[in-house]
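What follows is the content of target_31.json (JSON, C-alpha atoms and all ligand atoms).
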[["chain", "number", "residue", "atom", "x", "y", "z"],
["A", 12, "MET", "CA", 30.86, 1.44, 13.01],
["A", 13, "ALA", "CA", 30.13, 0.25, 16.55],
["A", 14, "GLU", "CA", 27.26, -2.28, 16.46],
["A", 15, "HIS", "CA", 24.99, -0.09, 18.62],
["A", 16, "CYS", "CA", 25.39, 2.80, 16.12],
["A", 17, "ILE", "CA", 24.31, 0.74, 13.09],
["A", 18, "PRO", "CA", 20.74, 1.71, 12.13],
["A", 19, "ARG", "CA", 18.26, -1.07, 12.86],
["A", 20, "ALA", "CA", 14.90, -0.79, 11.12],
["A", 21, "PHE", "CA", 11.97, -3.22, 11.37],
["A", 22, "VAL", "CA", 8.60, -4.35, 10.15],
["A", 23, "ILE", "CA", 5.92, -5.21, 12.72],
["A", 24, "GLY", "CA", 2.74, -7.19, 12.10],
["A", 25, "ASP", "CA", 0.65, -10.15, 13.23],
["A", 26, "PRO", "CA", 1.31, -12.47, 11.43],
["A", 27, "ILE", "CA", 4.64, -11.35, 10.00],
["A", 28, "ALA", "CA", 6.38, -14.45, 8.55],
["A", 29, "GLN", "CA", 4.82, -13.78, 5.12],
["A", 30, "SER", "CA", 6.30, -10.26, 4.87],
["A", 31, "LYS", "CA", 8.60, -9.70, 1.91],
["A", 32, "SER", "CA", 9.85, -6.38, 3.33],
["A", 33, "PRO", "CA", 13.02, -7.82, 4.98],
["A", 34, "LEU", "CA", 14.06, -9.32, 1.64],
["A", 35, "ILE", "CA", 13.57, -6.00, -0.14],
["A", 36, "HIS", "CA", 15.37, -3.79, 2.40],
["A", 37, "ASN", "CA", 18.24, -6.21, 3.02],
["A", 38, "HIS", "CA", 18.74, -6.47, -0.76],
["A", 39, "TRP", "CA", 18.97, -2.68, -0.98],
["A", 40, "LEU", "CA", 21.34, -2.52, 2.00],
["A", 41, "THR", "CA", 23.68, -5.00, 0.31],
["A", 42, "GLN", "CA", 23.41, -3.26, -3.07],
["A", 43, "ALA", "CA", 24.29, 0.11, -1.55],
["A", 44, "GLY", "CA", 27.07, -1.36, 0.62],
["A", 45, "LEU", "CA", 25.50, 0.18, 3.71],
["A", 46, "GLN", "CA", 25.79, -0.94, 7.29],
["A", 47, "GLY", "CA", 22.27, -1.43, 8.54],
["A", 48, "HIS", "CA", 19.73, -4.00, 9.68],
["A", 49, "TYR", "CA", 16.09, -4.59, 8.81],
["A", 50, "GLU", "CA", 14.25, -7.21, 10.85],
["A", 51, "ALA", "CA", 10.74, -8.64, 11.09],
["A", 52, "HIS", "CA", 9.10, -8.60, 14.54],
["A", 53, "HIS", "CA", 5.97, -10.56, 15.32],
["A", 54, "ILE", "CA", 4.03, -8.14, 17.52],
["A", 55, "VAL", "CA", 0.59, -9.22, 18.72],
["A", 56, "PRO", "CA", -1.93, -6.40, 19.40],
["A", 57, "ASP", "CA", -1.45, -6.64, 23.20],
["A", 58, "LYS", "CA", 2.27, -5.91, 22.86],
["A", 59, "LEU", "CA", 2.01, -3.04, 20.36],
["A", 60, "GLN", "CA", 1.95, -0.20, 22.87],
["A", 61, "CYS", "CA", 5.00, -1.54, 24.70],
["A", 62, "PHE", "CA", 6.90, -1.85, 21.39],
["A", 63, "LEU", "CA", 6.02, 1.73, 20.43],
["A", 64, "GLU", "CA", 6.96, 3.14, 23.83],
["A", 65, "LYS", "CA", 10.41, 1.54, 23.61],
["A", 66, "LEU", "CA", 10.84, 2.86, 20.06],
["A", 67, "LEU", "CA", 9.90, 6.40, 21.10],
["A", 68, "ALA", "CA", 12.38, 6.29, 23.99],
["A", 69, "ASP", "CA", 15.32, 5.00, 21.91],
["A", 70, "PRO", "CA", 16.74, 7.62, 19.53],
["A", 71, "HIS", "CA", 19.13, 5.04, 18.04],
["A", 72, "ARG", "CA", 16.21, 3.25, 16.39],
["A", 73, "PRO", "CA", 15.50, 4.94, 13.02],
["A", 74, "GLY", "CA", 11.97, 3.52, 12.61],
["A", 75, "GLY", "CA", 10.40, 0.87, 10.43],
["A", 76, "ASN", "CA", 7.32, -0.44, 8.68],
["A", 77, "VAL", "CA", 3.91, -1.25, 10.09],
["A", 78, "THR", "CA", 1.64, -3.85, 8.55],
["A", 79, "ALA", "CA", -1.69, -5.53, 9.35],
["A", 80, "PRO", "CA", -3.36, -5.36, 11.78],
["A", 81, "HIS", "CA", -1.48, -2.41, 13.31],
["A", 82, "LYS", "CA", -1.69, 0.44, 10.76],
["A", 83, "GLU", "CA", -4.74, 2.11, 12.33],
["A", 84, "SER", "CA", -3.62, 1.46, 15.94],
["A", 85, "VAL", "CA", -0.21, 3.07, 15.31],
["A", 86, "HIS", "CA", -1.98, 6.11, 13.82],
["A", 87, "HIS", "CA", -4.17, 6.36, 16.92],
["A", 88, "TRP", "CA", -1.24, 5.96, 19.31],
["A", 89, "LEU", "CA", 0.90, 8.59, 17.55],
["A", 90, "LYS", "CA", -1.95, 11.09, 17.80],
["A", 91, "LEU", "CA", -1.80, 10.77, 21.59],
["A", 92, "GLN", "CA", 1.95, 11.48, 21.92],
["A", 93, "SER", "CA", 1.73, 15.31, 21.76],
["A", 94, "ASP", "CA", 5.06, 16.95, 20.76],
["A", 95, "LYS", "CA", 7.10, 13.72, 20.65],
["A", 96, "ALA", "CA", 5.37, 12.38, 17.56],
["A", 97, "GLU", "CA", 3.71, 13.66, 14.39],
["A", 98, "LEU", "CA", 1.62, 12.31, 11.56],
["A", 99, "THR", "CA", 2.23, 13.37, 7.97],
["A", 100, "ALA", "CA", -0.77, 14.89, 6.20],
["A", 101, "MET", "CA", -1.14, 11.65, 4.23],
["A", 102, "ALA", "CA", -1.16, 9.39, 7.31],
["A", 103, "ALA", "CA", -3.61, 11.73, 9.04],
["A", 104, "ARG", "CA", -5.97, 11.69, 6.05],
["A", 105, "LEU", "CA", -5.81, 7.90, 5.69],
["A", 106, "GLY", "CA", -6.03, 7.20, 9.44],
["A", 107, "ALA", "CA", -3.29, 4.61, 8.99],
["A", 108, "VAL", "CA", 0.52, 4.47, 9.30],
["A", 109, "ASN", "CA", 2.75, 2.08, 7.32],
["A", 110, "THR", "CA", 6.13, 3.82, 7.84],
["A", 111, "LEU", "CA", 7.76, 5.28, 10.97],
["A", 112, "TYR", "CA", 10.90, 7.43, 10.88],
["A", 113, "ARG", "CA", 12.59, 10.17, 12.90],
["A", 114, "ARG", "CA", 12.91, 13.84, 12.17],
["A", 115, "GLY", "CA", 15.31, 15.02, 14.87],
["A", 116, "GLU", "CA", 13.77, 13.99, 18.18],
["A", 117, "VAL", "CA", 10.30, 13.56, 16.71],
["A", 118, "LEU", "CA", 8.87, 10.20, 15.61],
["A", 119, "ILE", "CA", 6.97, 10.63, 12.34],
["A", 120, "GLY", "CA", 4.12, 8.38, 11.17],
["A", 121, "ASP", "CA", 3.70, 8.36, 7.39],
["A", 122, "ASN", "CA", 1.75, 6.35, 4.85],
["A", 123, "THR", "CA", 3.51, 5.47, 1.59],
["A", 124, "ASP", "CA", 0.95, 2.99, 0.19],
["A", 125, "GLY", "CA", -0.62, 5.56, -2.15],
["A", 126, "TYR", "CA", 2.83, 6.71, -3.26],
["A", 127, "GLY", "CA", 3.70, 3.07, -4.06],
["A", 128, "PHE", "CA", 0.47, 2.59, -5.99],
["A", 129, "ALA", "CA", 1.07, 5.62, -8.24],
["A", 130, "ALA", "CA", 4.83, 5.01, -8.64],
["A", 131, "ASN", "CA", 4.18, 1.43, -9.83],
["A", 132, "LEU", "CA", 1.81, 2.73, -12.51],
["A", 133, "ASP", "CA", 4.22, 5.54, -13.43],
["A", 134, "GLU", "CA", 6.92, 2.93, -14.00],
["A", 135, "HIS", "CA", 4.89, 0.46, -16.04],
["A", 136, "ALA", "CA", 2.23, 2.60, -17.80],
["A", 137, "PRO", "CA", 3.52, 6.21, -17.81],
["A", 138, "ASN", "CA", 0.30, 7.66, -19.27],
["A", 139, "TRP", "CA", -2.00, 5.80, -16.91],
["A", 140, "ASP", "CA", -3.41, 9.04, -15.47],
["A", 141, "ALA", "CA", -4.07, 10.75, -18.83],
["A", 142, "ASP", "CA", -7.77, 9.80, -18.62],
["A", 143, "LEU", "CA", -9.22, 9.24, -15.16],
["A", 144, "SER", "CA", -12.64, 10.54, -16.28],
["A", 145, "GLU", "CA", -14.44, 7.34, -15.21],
["A", 146, "THR", "CA", -12.25, 5.72, -12.60],
["A", 147, "LEU", "CA", -13.44, 2.42, -11.17],
["A", 148, "VAL", "CA", -12.27, 1.35, -7.72],
["A", 149, "ILE", "CA", -13.49, -2.05, -6.55],
["A", 150, "GLY", "CA", -13.45, -2.34, -2.76],
["A", 151, "ALA", "CA", -13.76, 0.09, 0.14],
["A", 152, "GLY", "CA", -11.46, -1.35, 2.83],
["A", 153, "GLY", "CA", -8.25, 0.02, 4.33],
["A", 154, "ALA", "CA", -6.18, -0.64, 1.20],
["A", 155, "SER", "CA", -8.77, 1.10, -0.95],
["A", 156, "ARG", "CA", -8.38, 4.36, 0.99],
["A", 157, "ALA", "CA", -4.71, 4.77, 0.06],
["A", 158, "VAL", "CA", -5.45, 3.95, -3.58],
["A", 159, "ILE", "CA", -8.34, 6.42, -3.72],
["A", 160, "VAL", "CA", -6.31, 9.26, -2.19],
["A", 161, "ALA", "CA", -3.54, 8.61, -4.75],
["A", 162, "LEU", "CA", -6.11, 8.70, -7.55],
["A", 163, "ASP", "CA", -7.64, 11.85, -6.09],
["A", 164, "HIS", "CA", -4.21, 13.56, -6.25],
["A", 165, "ARG", "CA", -3.64, 12.56, -9.86],
["A", 166, "ARG", "CA", -7.08, 13.12, -11.42],
["A", 167, "HIS", "CA", -8.15, 16.32, -13.17],
["A", 168, "PRO", "CA", -11.10, 18.43, -12.01],
["A", 169, "GLY", "CA", -14.43, 16.85, -12.91],
["A", 170, "GLU", "CA", -13.04, 13.33, -13.32],
["A", 171, "VAL", "CA", -15.20, 10.90, -11.35],
["A", 172, "ILE", "CA", -14.18, 8.11, -8.97],
["A", 173, "HIS", "CA", -16.70, 5.26, -8.72],
["A", 174, "VAL", "CA", -16.26, 3.16, -5.57],
["A", 175, "VAL", "CA", -17.98, -0.20, -5.90],
["A", 176, "ASN", "CA", -18.26, -2.40, -2.83],
["A", 177, "ARG", "CA", -20.17, -5.47, -1.66],
["A", 178, "THR", "CA", -21.29, -3.37, 1.32],
["A", 179, "VAL", "CA", -22.33, -0.11, -0.33],
["A", 180, "GLY", "CA", -22.59, 1.70, 3.02],
["A", 181, "ARG", "CA", -18.87, 1.23, 3.51],
["A", 182, "ALA", "CA", -18.17, 2.88, 0.14],
["A", 183, "GLN", "CA", -20.45, 5.79, 1.11],
["A", 184, "ALA", "CA", -18.70, 6.16, 4.48],
["A", 185, "LEU", "CA", -15.27, 6.15, 2.83],
["A", 186, "ILE", "CA", -16.26, 8.91, 0.38],
["A", 187, "ALA", "CA", -17.68, 11.02, 3.22],
["A", 188, "ASP", "CA", -14.70, 10.42, 5.49],
["A", 189, "LEU", "CA", -12.15, 11.35, 2.80],
["A", 190, "GLN", "CA", -14.32, 14.34, 1.82],
["A", 191, "LEU", "CA", -14.12, 13.41, -1.84],
["A", 192, "VAL", "CA", -15.90, 15.46, -4.46],
["A", 193, "ASP", "CA", -16.97, 13.89, -7.76],
["A", 194, "ALA", "CA", -17.09, 10.43, -6.19],
["A", 195, "GLN", "CA", -19.97, 7.95, -6.17],
["A", 196, "ALA", "CA", -20.66, 4.80, -4.15],
["A", 197, "HIS", "CA", -22.19, 1.76, -5.85],
["A", 198, "SER", "CA", -23.17, -1.81, -5.07],
["A", 199, "PHE", "CA", -21.91, -4.82, -7.02],
["A", 200, "ASP", "CA", -25.13, -4.70, -9.08],
["A", 201, "GLU", "CA", -23.63, -1.81, -11.04],
["A", 202, "LEU", "CA", -20.16, -3.26, -11.47],
["A", 203, "ASN", "CA", -20.46, -4.64, -15.01],
["A", 204, "ARG", "CA", -22.05, -1.44, -16.32],
["A", 205, "LEU", "CA", -19.33, 0.71, -14.72],
["A", 206, "SER", "CA", -16.61, -1.59, -16.08],
["A", 207, "SER", "CA", -17.85, -1.15, -19.62],
["A", 208, "THR", "CA", -17.40, 2.64, -19.42],
["A", 209, "ALA", "CA", -14.33, 2.80, -17.13],
["A", 210, "SER", "CA", -11.22, 4.64, -18.30],
["A", 211, "PHE", "CA", -9.16, 3.12, -15.45],
["A", 212, "ALA", "CA", -9.91, 0.19, -13.12],
["A", 213, "VAL", "CA", -8.37, -1.18, -9.93],
["A", 214, "ASN", "CA", -9.27, -4.08, -7.67],
["A", 215, "THR", "CA", -8.51, -3.41, -4.00],
["A", 216, "THR", "CA", -10.46, -6.34, -2.53],
["A", 217, "SER", "CA", -8.94, -9.62, -1.41],
["A", 218, "LEU", "CA", -11.03, -11.49, -4.01],
["A", 219, "GLY", "CA", -8.67, -13.43, -6.27],
["A", 220, "MET", "CA", -5.91, -13.69, -3.68],
["A", 221, "SER", "CA", -4.32, -17.16, -3.39],
["A", 222, "GLY", "CA", -6.00, -19.11, -0.61],
["A", 223, "HIS", "CA", -9.11, -16.89, -0.56],
["A", 224, "GLN", "CA", -12.52, -17.81, -1.88],
["A", 225, "SER", "CA", -12.84, -17.59, -5.65],
["A", 226, "SER", "CA", -15.55, -15.52, -7.29],
["A", 227, "THR", "CA", -16.62, -14.68, -10.81],
["A", 228, "ILE", "CA", -17.69, -11.14, -9.80],
["A", 229, "LEU", "CA", -14.32, -9.63, -10.69],
["A", 230, "THR", "CA", -13.67, -11.68, -13.82],
["A", 231, "ASP", "CA", -17.13, -10.85, -15.18],
["A", 232, "ALA", "CA", -16.45, -7.17, -14.55],
["A", 233, "ALA", "CA", -12.95, -7.31, -16.10],
["A", 234, "SER", "CA", -14.31, -8.93, -19.25],
["A", 235, "GLN", "CA", -16.39, -5.76, -19.81],
["A", 236, "LEU", "CA", -13.36, -3.44, -19.86],
["A", 237, "ARG", "CA", -12.63, -1.59, -23.09],
["A", 238, "VAL", "CA", -9.49, -2.18, -25.17],
["A", 239, "GLY", "CA", -6.63, -0.04, -23.86],
["A", 240, "THR", "CA", -8.15, 0.72, -20.44],
["A", 241, "VAL", "CA", -5.46, 0.54, -17.74],
["A", 242, "ALA", "CA", -6.36, -2.12, -15.15],
["A", 243, "THR", "CA", -4.42, -3.00, -12.02],
["A", 244, "ASP", "CA", -4.82, -5.09, -8.87],
["A", 245, "ILE", "CA", -3.25, -4.47, -5.50],
["A", 246, "VAL", "CA", -3.20, -8.25, -4.88],
["A", 247, "TYR", "CA", 0.11, -9.76, -6.09],
["A", 248, "THR", "CA", -0.30, -13.39, -4.98],
["A", 249, "PRO", "CA", -0.83, -14.67, -7.63],
["A", 250, "LEU", "CA", 0.95, -12.08, -9.75],
["A", 251, "MET", "CA", -1.63, -12.37, -12.52],
["A", 252, "THR", "CA", -4.86, -12.38, -10.54],
["A", 253, "PRO", "CA", -8.07, -13.68, -12.16],
["A", 254, "PHE", "CA", -9.12, -10.00, -12.49],
["A", 255, "LEU", "CA", -5.95, -9.15, -14.46],
["A", 256, "VAL", "CA", -6.15, -12.29, -16.61],
["A", 257, "ALA", "CA", -9.73, -11.43, -17.64],
["A", 258, "ALA", "CA", -8.83, -7.77, -18.14],
["A", 259, "ARG", "CA", -5.94, -8.70, -20.42],
["A", 260, "GLN", "CA", -8.21, -11.03, -22.43],
["A", 261, "ALA", "CA", -10.58, -8.08, -22.90],
["A", 262, "GLY", "CA", -7.71, -6.01, -24.34],
["A", 263, "ALA", "CA", -6.98, -3.87, -21.28],
["A", 264, "THR", "CA", -3.43, -2.80, -20.39],
["A", 265, "THR", "CA", -2.69, -4.68, -17.16],
["A", 266, "ILE", "CA", -0.22, -3.80, -14.40],
["A", 267, "ASP", "CA", 0.32, -6.26, -11.55],
["A", 268, "GLY", "CA", 0.45, -5.19, -7.90],
["A", 269, "LEU", "CA", 3.96, -6.32, -6.96],
["A", 270, "GLY", "CA", 5.47, -2.98, -7.94],
["A", 271, "MET", "CA", 3.24, -1.22, -5.39],
["A", 272, "LEU", "CA", 4.88, -3.27, -2.62],
["A", 273, "LEU", "CA", 8.36, -2.45, -3.96],
["A", 274, "HIS", "CA", 7.76, 1.26, -4.47],
["A", 275, "GLN", "CA", 6.03, 1.85, -1.12],
["A", 276, "ALA", "CA", 9.28, 0.66, 0.51],
["A", 277, "VAL", "CA", 11.44, 3.38, -1.11],
["A", 278, "PRO", "CA", 10.68, 6.41, 1.13],
["A", 279, "GLY", "CA", 11.20, 4.42, 4.35],
["A", 280, "PHE", "CA", 14.58, 3.05, 3.27],
["A", 281, "GLU", "CA", 15.72, 6.55, 2.34],
["A", 282, "ALA", "CA", 14.60, 7.95, 5.70],
["A", 283, "TRP", "CA", 16.31, 5.23, 7.79],
["A", 284, "PHE", "CA", 19.52, 4.65, 5.83],
["A", 285, "GLY", "CA", 20.05, 7.94, 3.97],
["A", 286, "VAL", "CA", 20.13, 6.60, 0.42],
["A", 287, "ARG", "CA", 17.18, 6.52, -2.00],
["A", 288, "PRO", "CA", 17.00, 2.98, -3.43],
["A", 289, "THR", "CA", 15.89, 2.09, -6.95],
["A", 290, "VAL", "CA", 13.20, -0.43, -7.80],
["A", 291, "THR", "CA", 15.07, -2.64, -10.27],
["A", 292, "ALA", "CA", 14.24, -5.82, -12.20],
["A", 293, "ASP", "CA", 16.65, -7.59, -9.79],
["A", 294, "VAL", "CA", 14.70, -6.81, -6.63],
["A", 295, "ARG", "CA", 11.43, -7.70, -8.35],
["A", 296, "LYS", "CA", 12.88, -11.05, -9.51],
["A", 297, "MET", "CA", 14.16, -11.82, -6.03],
["A", 298, "VAL", "CA", 10.74, -11.23, -4.43],
["A", 299, "LEU", "CA", 9.03, -13.26, -7.15],
["A", 300, "GLU", "CA", 11.38, -16.18, -6.52],
["A", 301, "ALA", "CA", 10.68, -15.98, -2.79],
["A", 302, "MET", "CA", 6.92, -15.98, -3.50],
["A", 303, "GLU", "CA", 7.28, -19.16, -5.53],
["A", 304, "VAL", "CA", 9.06, -20.88, -2.65],
["A", 305, "GLY", "CA", 6.16, -19.78, -0.40],
["A", 401, "LIG", "P1", -7.92, -4.25, 3.51],
["A", 401, "LIG", "O1", -7.38, -3.40, 4.61],
["A", 401, "LIG", "O2", -6.94, -5.27, 2.99],
["A", 401, "LIG", "O3", -8.53, -3.45, 2.41],
["A", 401, "LIG", "P2", -10.53, -4.79, 4.60],
["A", 401, "LIG", "O4", -10.56, -3.46, 5.24],
["A", 401, "LIG", "O5", -11.04, -5.96, 5.37],
["A", 401, "LIG", "O6", -9.05, -5.17, 4.16],
["A", 401, "LIG", "O7", -11.32, -4.69, 3.19],
["A", 401, "LIG", "C1", -11.48, -5.78, 2.35],
["A", 401, "LIG", "C2", -12.24, -5.36, 1.08],
["A", 401, "LIG", "O8", -12.48, -6.56, 0.32],
["A", 401, "LIG", "C3", -13.60, -4.74, 1.32],
["A", 401, "LIG", "O9", -13.94, -3.89, 0.23],
["A", 401, "LIG", "C4", -14.50, -5.98, 1.35],
["A", 401, "LIG", "O10", -15.87, -5.73, 1.08],
["A", 401, "LIG", "P3", -16.89, -5.39, 2.32],
["A", 401, "LIG", "O11", -16.58, -3.97, 2.73],
["A", 401, "LIG", "O12", -18.23, -5.55, 1.74],
["A", 401, "LIG", "O13", -16.55, -6.40, 3.41],
["A", 401, "LIG", "C5", -13.89, -6.75, 0.21],
["A", 401, "LIG", "N1", -14.19, -8.21, 0.29],
["A", 401, "LIG", "C6", -13.57, -9.10, 1.09],
["A", 401, "LIG", "N2", -14.11, -10.33, 0.89],
["A", 401, "LIG", "C7", -15.08, -10.19, -0.06],
["A", 401, "LIG", "C8", -15.99, -11.10, -0.71],
["A", 401, "LIG", "N3", -16.01, -12.40, -0.41],
["A", 401, "LIG", "N4", -16.84, -10.59, -1.64],
["A", 401, "LIG", "C9", -16.82, -9.27, -1.94],
["A", 401, "LIG", "N5", -15.98, -8.37, -1.37],
["A", 401, "LIG", "C10", -15.12, -8.81, -0.44]]
For the file at hand, write its structure as structure tokens.
Amino acid sequence: MAEHCIPRAFVIGDPIAQSKSPLIHNHWLTQAGLQGHYEAHHIVPDKLQCFLEKLLADPHRPGGNVTAPHKESVHHWLKLQSDKAELTAMAARLGAVNTLYRRGEVLIGDNTDGYGFAANLDEHAPNWDADLSETLVIGAGGASRAVIVALDHRRHPGEVIHVVNRTVGRAQALIADLQLVDAQAHSFDELNRLSSTASFAVNTTSLGMSGHQSSTILTDAASQLRVGTVATDIVYTPLMTPFLVAARQAGATTIDGLGMLLHQAVPGFEAWFGVRPTVTADVRKMVLEAMEVG
């Protein structure tokens, strides 16, 4: 294939050096024996519009991934492009785009974070959604929105989502903005009580992430979880976060967050390169080894 015809996908962010997405996609390209490229671009906020304009004008570029801090800005920009661009229903609801691809002439903005969250749990705890009657979500930031929408799709009528956040007003605003029914906002004062009755629990805050401030708020809450409750964390550095360690000690079934990163990458790869990749133990091991190196 002539070099200019080989599909060239990307991930953009600021910073971007930490991104594991090139490793994942290049592994899948090699595995599938496909001609294709996937490259990281460091795009500062001032240069984002220029990058997107060039992408829109070049039909040879299949699209790519969007990471912090650009997910909301890309959503906003796509909304202004009239018939040349579209948002999927998921990206529109979340107000954030993590995957760009083409459908014919049209540039599509999608969000696969919620898909990745649910697919990771489906892989590692197939009955995780059997009882979402008292679902506990800790955190109300951007990452929390995708998780909550995924939970909203999988829960049964009447099952309640409790959103607990340091800033309770942010949890209230999130519930209103997503137009959730059977959802309640709470402050951290109620966290331990809600943990003790939760049927499912997820941490979406950056508490417990390597290099961030430590806190006993999450470990205290996790120690209240009942035996057999499914608990997960969207943080995957470290793989076993303090929240997951305490949850496991309490007898909960714990699922780490690395699989969410791997699974959210699947729909993009399929859209750009035409083959649906599989999340295997090999790709997980490769990313883990890269995380250890730093
Ligand atoms: P992201 O897009 O990664 O979710 P974010 O929108 O900044 O990032 O949200 C971070 C989440 O972690 C929020 O729920 C935040 O709580 P506030 O809304 O009260 O800021 C939570 N968080 C971050 N640092 C925290 C800390 N030190 N203690 C408690 N919660 C914290």
**Request:** Residues within 8 Å of ligand LIG 401 (chain A) should be enumerated using all atoms listed in the file and returned as a list in words.
**Result:** Ala79, Ile149, Gly150, Ala151, Gly152, Gly153, Ala154, Ser155, Arg156, Asn176, Arg177, Thr178, Val179, Arg181, Ala182, Thr215, Thr216, Ser217, Leu218, Gln224 and Ser226 of chain A
Go ahead and dump the residues you just picked, C-alpha atoms, as a short mmCIF file (atom, residue, chain, number, x, y, z; two decimals), in the frame of the given file.
data_model
loop_
_atom_site.label_atom_id
_atom_site.label_comp_id
_atom_site.auth_asym_id
_atom_site.auth_seq_id
_atom_site.Cartn_x
_atom_site.Cartn_y
_atom_site.Cartn_z
CA ALA A 79 -1.69 -5.53 9.35
CA ILE A 149 -13.49 -2.05 -6.55
CA GLY A 150 -13.45 -2.34 -2.76
CA ALA A 151 -13.76 0.09 0.14
CA GLY A 152 -11.46 -1.35 2.83
CA GLY A 153 -8.25 0.02 4.33
CA ALA A 154 -6.18 -0.64 1.20
CA SER A 155 -8.77 1.10 -0.95
CA ARG A 156 -8.38 4.36 0.99
CA ASN A 176 -18.26 -2.40 -2.83
CA ARG A 177 -20.17 -5.47 -1.66
CA THR A 178 -21.29 -3.37 1.32
CA VAL A 179 -22.33 -0.11 -0.33
CA ARG A 181 -18.87 1.23 3.51
CA ALA A 182 -18.17 2.88 0.14
CA THR A 215 -8.51 -3.41 -4.00
CA THR A 216 -10.46 -6.34 -2.53
CA SER A 217 -8.94 -9.62 -1.41
CA LEU A 218 -11.03 -11.49 -4.01
CA GLN A 224 -12.52 -17.81 -1.88
CA SER A 226 -15.55 -15.52 -7.29
#
**Message:** Taking 4 positions as the minimum chain separation for residues in the same chain, which residues sit within 10 Å of Glu134 of chain A when counting all atoms listed in the file? Answer as a VMD selection string.
**Reply:** chain A and resid 129 to 130 138 to 139 266 270 274 290
**Message:** Taking all atoms listed in the file into account, name the residue in A:Ala194, A:Ala257, A:Leu189, A:Val158 that is nearest to Ile172 of chain A.
**Reply:** A:Ala194
Can you tell me which residues surround Ala13 of chain A at a distance of at most 12 Å, considering only C-alpha atoms, apart from same-chain residues fewer than 4 positions away, and format the answer as a tab-separated table (two decimals) with C-alpha atoms, in the coordinates of the input?
chain	number	residue	atom	x	y	z
A	17	ILE	CA	24.31	0.74	13.09
A	18	PRO	CA	20.74	1.71	12.13
A	46	GLN	CA	25.79	-0.94	7.29
A	47	GLY	CA	22.27	-1.43	8.54
**Message:** What's the separation between atom CA of Val175 of chain A and atom CA of Leu202 of chain A, in Å to one decimal place?
**Reply:** 6.7 Å
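For the pair atom CA of His38 of chain A and atom CA of Ala276 of chain A, the separation is 11.9 Å.
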Per residue of segment 49-156 of chain A within 12 Å of segment 232-246 of chain A, note the shortest atom pair and the distance in Å to one decimal, counting only C-alpha atoms, and order the rows by chain and increasing residue number, as JSON lines.
{"residue": "A:Asp124", "atom": "CA", "partner": "A:Ile245", "partner_atom": "CA", "distance": 10.3}
{"residue": "A:Gly125", "atom": "CA", "partner": "A:Ile245", "partner_atom": "CA", "distance": 10.9}
{"residue": "A:Gly127", "atom": "CA", "partner": "A:Ile245", "partner_atom": "CA", "distance": 10.4}
{"residue": "A:Phe128", "atom": "CA", "partner": "A:Ile245", "partner_atom": "CA", "distance": 8.0}
{"residue": "A:Ala129", "atom": "CA", "partner": "A:Thr243", "partner_atom": "CA", "distance": 10.9}
{"residue": "A:Asn131", "atom": "CA", "partner": "A:Thr243", "partner_atom": "CA", "distance": 9.9}
{"residue": "A:Leu132", "atom": "CA", "partner": "A:Thr243", "partner_atom": "CA", "distance": 8.5}
{"residue": "A:Asp133", "atom": "CA", "partner": "A:Val241", "partner_atom": "CA", "distance": 11.7}
{"residue": "A:His135", "atom": "CA", "partner": "A:Val241", "partner_atom": "CA", "distance": 10.5}
{"residue": "A:Ala136", "atom": "CA", "partner": "A:Val241", "partner_atom": "CA", "distance": 8.0}
{"residue": "A:Pro137", "atom": "CA", "partner": "A:Val241", "partner_atom": "CA", "distance": 10.6}
{"residue": "A:Asn138", "atom": "CA", "partner": "A:Val241", "partner_atom": "CA", "distance": 9.3}
{"residue": "A:Trp139", "atom": "CA", "partner": "A:Val241", "partner_atom": "CA", "distance": 6.4}
{"residue": "A:Asp140", "atom": "CA", "partner": "A:Val241", "partner_atom": "CA", "distance": 9.0}
{"residue": "A:Ala141", "atom": "CA", "partner": "A:Val241", "partner_atom": "CA", "distance": 10.4}
{"residue": "A:Asp142", "atom": "CA", "partner": "A:Thr240", "partner_atom": "CA", "distance": 9.3}
{"residue": "A:Leu143", "atom": "CA", "partner": "A:Val241", "partner_atom": "CA", "distance": 9.8}
{"residue": "A:Ser144", "atom": "CA", "partner": "A:Thr240", "partner_atom": "CA", "distance": 11.6}
{"residue": "A:Glu145", "atom": "CA", "partner": "A:Thr240", "partner_atom": "CA", "distance": 10.5}
{"residue": "A:Thr146", "atom": "CA", "partner": "A:Val241", "partner_atom": "CA", "distance": 10.0}
{"residue": "A:Leu147", "atom": "CA", "partner": "A:Ala242", "partner_atom": "CA", "distance": 9.3}
{"residue": "A:Val148", "atom": "CA", "partner": "A:Asp244", "partner_atom": "CA", "distance": 9.9}
{"residue": "A:Ile149", "atom": "CA", "partner": "A:Asp244", "partner_atom": "CA", "distance": 9.5}
{"residue": "A:Gly150", "atom": "CA", "partner": "A:Ile245", "partner_atom": "CA", "distance": 10.8}
{"residue": "A:Gly153", "atom": "CA", "partner": "A:Ile245", "partner_atom": "CA", "distance": 11.9}
{"residue": "A:Ala154", "atom": "CA", "partner": "A:Ile245", "partner_atom": "CA", "distance": 8.3}
{"residue": "A:Ser155", "atom": "CA", "partner": "A:Ile245", "partner_atom": "CA", "distance": 9.1}
**Distance in Å - atom CA of Thr248 of chain A versus atom CA of Gly219 of chain A** = 8.5 Å
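For Pro33 of chain A, the list of residues within 9 Å, based on only C-alpha atoms and with local chain neighbours fewer than 4 positions off taken out, reads Phe21, Val22, Asn37, His38, Tyr49, Glu50 and Ala51 of chain A.
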**Item:** Polymer residues at most 9 Å from (14.9, 4.6, 14.9) by all atoms listed in the file, as number ranges by chain
**Value:** A: 18-20, 66-67, 69-75, 111-113, 118, 283
Around all the atoms of segment 159-164 of chain A listed in the file, draw an axis-aligned box and extend it by 8 Å on each of the six sides; I want its centre and edge lengths in Å to one decimal, as JSON.
{"center_x": -5.9, "center_y": 10.0, "center_z": -4.9, "size_x": 20.8, "size_y": 23.1, "size_z": 21.4}
